[in-house]
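> Below is the structure I would like to discuss, written out as C-alpha cells.
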Amino acid sequence: MQSLLGLYQLLNGRADLPSLRGVSTSPDILLHVVRHIQAHAPRRIVECGSGSSTIAMAQAFRAFGI
C-alpha cells in the first residue's frame, strides 16, 4: 500500500492505473521505475509490456515534463 501511495504522490495524484493484481507489475516495482524516470529523465524507453508498467511510465513522462 505504501508503494501505491508513493506512486500517486510522484504522479501528482493523477495515476490512472489498471488493476495491479494477478500478473501485473507490483506497486513496488512501478514505484522503482517511476523514481528512475524522475531521477534520470531518459529520452527514450523500450517498453515490452502492455499493461500497468506502460501506463505508469507514460504518466511519469507527463508528470515530470519529459
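Each chain in the C-alpha cells gets a letter, A, B and so on, in the order shown; residues start at 1 in every chain, and ligands are counted from 1 in the order they appear.
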Considering only C-alpha atoms, return as number ranges by chain whatever protein or nucleic-acid residues lie within 12 Å of Asn12 in chain A, sequence-local ones (same chain, fewer than 6 positions apart) excluded.
A: 5-6, 59-65
> Pick out the residues sitting within 7 Å of range 51-56 of chain A, and hand them over as a PyMOL selection string; count only C-alpha atoms, and ignore anything fewer than 3 positions along from it in its own chain.
chain A and resi 17-18+24-25+30+47+59-60
> List as a PyMOL selection string the protein and nucleic acid residues near Arg43 in chain A, meaning an atom at most 12 Å away when only C-alpha atoms are counted, but skip any in the same chain fewer than 2 places from it.
chain A and resi 37-38+40-41+45-46+61+65-66
> Export C-alpha atoms of the chosen residues as a tab-separated table (two decimals), in the first residue's frame?

chain	number	residue	atom	x	y	z
A	37	ILE	CA	12.46	8.05	-14.70
A	38	GLN	CA	12.27	11.03	-12.35
A	40	HIS	CA	17.41	10.16	-14.87
A	41	ALA	CA	14.91	11.75	-17.30
A	45	ILE	CA	12.39	3.89	-23.26
A	46	VAL	CA	11.97	0.50	-24.88
A	61	PHE	CA	6.86	11.25	-18.51
A	65	GLY	CA	7.59	17.08	-18.23
A	66	ILE	CA	9.89	14.72	-20.10
> Mind giving me the straight-line distance from CA of Gln2 in chain A to CA of Pro42 in chain A in Å, one decimal?
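Distance reported for this atom pair: 25.4 Å.
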> Mind listing the helix (DSSP H, G or I) residues of chain A, per DSSP on the backbone, as number ranges by chain?
A: 2-10, 27-40, 52-63
> Return the single residue from A:Met57, A:Met1, A:Asp16, A:Tyr8 that is closest to Val33 in chain A, with distances computed using only C-alpha atoms.
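Using only C-alpha atoms, Val33 in chain A sits closest to A:Met57.
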> Separation of CA of Arg44 in chain A and CA of Pro27 in chain A, in Å?
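Atom-to-atom, CA of Arg44 in chain A and CA of Pro27 in chain A are spaced 22.3 Å apart.
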> Which one is closest to Leu10 in chain A: A:Ala39, A:Ala58, A:Cys48, A:Val34? Count only C-alpha atoms.
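Distance minimum relative to Leu10 in chain A lands on A:Val34.
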